[in-house]
Amino acid sequence: MIFYENFIGYFCKNIFNFMILKNILTFLSFLLLVISCADYNKVNDITLKGHVFGTTYKIVYLNSGHNYQKSIDSLFYLMNKSLSTYIPTSDISRINNGDSTVVVDDLFLEVFHKSKMIYEETNGYFDPTVGNLVNAWGFGPNKEKRNLSTEEVKMQMEFVGLNKVDVVNSKVKKDNLNIYLDFNAIAKGFGIDVVARFLNSKNVTNYLVEIGGEIRTQGTKENNIPWVIKLVDPVNKEDLKGYKNLNLSNKSMATSGNYRKFRVTSDGQKFVHTINPKTGYAKESNLLSASVIASLDCADVDAYATAFMTMGLKKVKSFLLTHKNIDAILLFVDENGDLKEYNTFTKR
């Protein structure tokens, strides 16, 4: 009888312990599942860096556990295949070499039509048909570094004018086969837009996309901190502190300047990479740099910044008065050699 009571007591006690153990194991399994799910859904901030379009890029996006590097590389590949003048087999290179059978893609069509719009808005100061002159002055793929005579410039100007080019049934029609298209003054900004649209399609709401200094942002950084960048001082461009800080949240910005890309001949002549489509010459205007900021596509502000550098200070001021959706920070040197600023961005 004692044995039976001890056995029953032992059995009941172990059943109780077993139930406790089972509950503990169930809880631990649930805890591991929760941790596993939390790990799976963990939000990672991603920074992608690399080289594209002959320069560097940086892409930062928040609130996503996905690395889109391969997808973005594919987008860059498609852009180069369509629009790069540095790739002999690209669509634009084939068109420039006289191939009239090329059927252009949607990327080409969008850049072309956007270029037409800004060409007309700026009265021809933005013109992608200056490609022959860009090459001739030594700033194109061939790096010829020639000093053109007045007659040579006049001859090349026969092939300048985006009004001499059209697209019919997805094929480029040129008034003259020698017209050379070069979208490099808008391509970086457009590349940024392509990446931004891709991130939007993936429901990424906070990001910064930068290619070669051109920038587009959406949302904020972590903890609702705005996207703030430093504007380069064109007089002291090696100064890491920059010229000033700018809040670019939900905006695009592009800067054009002749303080990096220029060449000086043995006799002291300075030639800059921004070709004036009105004159055909590679001479700098009275602007050192033009930074354009707007809640527009980055391609737009990229093109405007290039146009502003050839328009000069007076014409740009007039343009900004009639285009209130665009802001600019214009840096120039006055007659005393002092750095001056005309700034509509911080005044509005």
# chains A, B, ... in the order shown; residues from 1 in each chain; ligands from 1
$ select_by_dssp --residues "segment 44-283 of chain A" --states "strand (DSSP E or B)" --output "PyMOL selection string"
chain A and resi 44-52+55-64+165-168+171-174+207-211+214-218+228-231+244-247+252-257+262-264+270-272
$ residues_around --residues "Lys171 of chain A" --least-positions-apart "6" --cutoff "9 Å" --atoms "only C-alpha atoms" --output "list in words"
Ser100, Thr101, Val102, Val103 and Val104 of chain A
$ write_last_selection --atoms "C-alpha atoms" --output "PDB file, in the first residue's frame"
ATOM      1  CA  SER A 100      18.337  55.657 -89.527  1.00  0.00           C
ATOM      2  CA  THR A 101      16.884  52.208 -88.781  1.00  0.00           C
ATOM      3  CA  VAL A 102      17.287  52.458 -84.989  1.00  0.00           C
ATOM      4  CA  VAL A 103      13.972  52.136 -83.151  1.00  0.00           C
ATOM      5  CA  VAL A 104      14.459  54.115 -79.949  1.00  0.00           C
TER       6      VAL A 104
END
$ closest_residue --among "A:Ser256, A:Thr274, A:Thr85, A:Asn247" --to "Tyr180 of chain A" --atoms "only C-alpha atoms"
A:Thr85
$ residues_around --residues "segment 328-344 of chain A" --least-positions-apart "6" --cutoff "10 Å" --atoms "only C-alpha atoms" --output "MDAnalysis selection string"
chainID A and resid 231 233:235 253:257 285:294 301 304:305 308:309 312:313 316:317 320:321
$ write_last_selection --atoms "C-alpha atoms" --output "CSV table (one decimal), in the first residue's frame"
chain,number,residue,atom,x,y,z
A,231,LEU,CA,27.0,73.1,-51.7
A,233,ASP,CA,32.4,76.6,-53.0
A,234,PRO,CA,33.6,77.1,-56.7
A,235,VAL,CA,36.4,79.4,-55.6
A,253,MET,CA,19.1,69.7,-57.3
A,254,ALA,CA,21.6,69.9,-60.1
A,255,THR,CA,24.7,72.1,-60.2
A,256,SER,CA,26.6,73.1,-63.3
A,257,GLY,CA,29.9,74.9,-63.3
A,285,SER,CA,29.9,83.3,-69.0
A,286,ASN,CA,30.0,85.5,-65.9
A,287,LEU,CA,28.7,82.7,-63.8
A,288,LEU,CA,31.0,80.4,-61.8
A,289,SER,CA,28.2,77.9,-61.0
A,290,ALA,CA,24.4,77.5,-61.2
A,291,SER,CA,22.6,75.3,-58.7
A,292,VAL,CA,19.0,74.7,-59.6
A,293,ILE,CA,16.5,73.4,-57.0
A,294,ALA,CA,12.9,72.4,-57.5
A,301,VAL,CA,16.9,70.8,-63.0
A,304,TYR,CA,18.2,74.1,-66.5
A,305,ALA,CA,21.5,74.3,-64.7
A,308,PHE,CA,21.9,78.9,-67.0
A,309,MET,CA,25.6,78.6,-67.4
A,312,GLY,CA,24.7,84.3,-68.0
A,313,LEU,CA,23.5,86.1,-64.8
A,316,VAL,CA,18.9,83.8,-65.7
A,317,LYS,CA,17.5,86.4,-63.3
A,320,LEU,CA,13.6,82.9,-62.7
A,321,LEU,CA,11.1,85.8,-62.5
$ residues_around --residues "Ser252 of chain A" --least-positions-apart "4" --cutoff "12 Å" --atoms "only C-alpha atoms" --output "ChimeraX atom specification"
/A:188-190,192-193,196,207-211,213-218,227,229,246-248,291-305,325-328
$ closest_residue --among "A:Pro277, A:Pro128, A:Gly212, A:Gly50" --to "His113 of chain A" --atoms "only C-alpha atoms"
A:Pro128
$ closest_residue --among "A:Thr129, A:Asn224, A:Ser318, A:Ser90" --to "Leu177 of chain A" --atoms "only C-alpha atoms"
A:Thr129
$ closest_residue --among "A:His323, A:Lys202, A:Val172, A:Lys230" --to "Asp99 of chain A" --atoms "only C-alpha atoms"
A:Val172
$ closest_residue --among "A:Ser249, A:Asn276, A:Gly65, A:Arg94" --to "Gly161 of chain A" --atoms "only C-alpha atoms"
A:Asn276
$ closest_residue --among "A:Leu48, A:Lys114, A:Leu181, A:Asn206" --to "Ser71 of chain A" --atoms "only C-alpha atoms"
A:Leu48
$ atom_distance --atom1 "atom CA of Asn97 of chain A" --atom2 "atom CA of Tyr57 of chain A"
29.5 Å
$ atom_distance --atom1 "atom CA of Lys244 of chain A" --atom2 "atom CA of Leu62 of chain A"
25.4 Å
$ select_by_dssp --residues "segment 98-320 of chain A" --states "alpha helix (DSSP H)" --output "ChimeraX atom specification"
/A:106-121,131-136,150-156,184-201,298-311,313-320
$ write_last_selection --atoms "C-alpha atoms" --output "tab-separated table (two decimals), in the first residue's frame"
chain	number	residue	atom	x	y	z
A	106	ASP	CA	10.98	54.74	-73.99
A	107	LEU	CA	14.06	56.03	-72.16
A	108	PHE	CA	15.31	57.77	-75.30
A	109	LEU	CA	11.85	59.14	-76.11
A	110	GLU	CA	11.38	60.65	-72.66
A	111	VAL	CA	14.79	62.34	-72.67
A	112	PHE	CA	14.24	63.62	-76.20
A	113	HIS	CA	10.81	65.12	-75.48
A	114	LYS	CA	11.96	66.62	-72.18
A	115	SER	CA	14.95	68.14	-73.97
A	116	LYS	CA	12.64	69.63	-76.61
A	117	MET	CA	10.50	71.23	-73.90
A	118	ILE	CA	13.47	72.82	-72.11
A	119	TYR	CA	15.10	73.80	-75.42
A	120	GLU	CA	11.99	75.84	-76.22
A	121	GLU	CA	11.60	77.20	-72.67
A	131	GLY	CA	27.58	67.45	-79.59
A	132	ASN	CA	29.85	68.13	-82.58
A	133	LEU	CA	31.15	71.27	-80.89
A	134	VAL	CA	31.61	69.46	-77.56
A	135	ASN	CA	33.76	66.93	-79.42
A	136	ALA	CA	35.61	69.55	-81.43
A	150	THR	CA	36.03	81.24	-86.63
A	151	GLU	CA	35.26	79.48	-89.90
A	152	GLU	CA	35.26	76.05	-88.25
A	153	VAL	CA	32.86	77.23	-85.55
A	154	LYS	CA	30.59	78.74	-88.20
A	155	MET	CA	30.59	75.46	-90.13
A	156	GLN	CA	29.74	73.40	-87.02
A	184	ASN	CA	24.99	64.11	-71.29
A	185	ALA	CA	23.77	67.45	-69.90
A	186	ILE	CA	20.49	65.82	-68.86
A	187	ALA	CA	21.36	62.11	-68.58
A	188	LYS	CA	22.65	62.11	-64.99
A	189	GLY	CA	19.50	63.79	-63.75
A	190	PHE	CA	17.37	61.41	-65.80
A	191	GLY	CA	19.26	58.42	-64.40
A	192	ILE	CA	18.42	59.65	-60.91
A	193	ASP	CA	14.74	59.90	-61.87
A	194	VAL	CA	14.76	56.35	-63.21
A	195	VAL	CA	16.16	55.05	-59.91
A	196	ALA	CA	13.72	57.19	-57.88
A	197	ARG	CA	10.75	55.80	-59.81
A	198	PHE	CA	12.00	52.28	-59.23
A	199	LEU	CA	12.25	52.90	-55.47
A	200	ASN	CA	8.76	54.42	-55.48
A	201	SER	CA	7.45	51.29	-57.20
A	298	CYS	CA	16.09	65.81	-61.59
A	299	ALA	CA	16.42	65.70	-65.38
A	300	ASP	CA	14.67	69.06	-65.56
A	301	VAL	CA	16.90	70.83	-63.05
A	302	ASP	CA	19.96	69.20	-64.66
A	303	ALA	CA	19.05	70.72	-68.02
A	304	TYR	CA	18.16	74.11	-66.54
A	305	ALA	CA	21.51	74.27	-64.73
A	306	THR	CA	23.37	73.71	-68.01
A	307	ALA	CA	21.27	76.32	-69.80
A	308	PHE	CA	21.85	78.86	-67.03
A	309	MET	CA	25.63	78.58	-67.39
A	310	THR	CA	25.41	79.70	-71.02
A	311	MET	CA	22.66	82.29	-70.46
A	313	LEU	CA	23.52	86.15	-64.84
A	314	LYS	CA	21.19	88.77	-66.33
A	315	LYS	CA	19.19	86.37	-68.50
A	316	VAL	CA	18.90	83.81	-65.70
A	317	LYS	CA	17.50	86.40	-63.30
A	318	SER	CA	14.87	87.29	-65.88
A	319	PHE	CA	14.07	83.60	-66.46
A	320	LEU	CA	13.59	82.94	-62.75
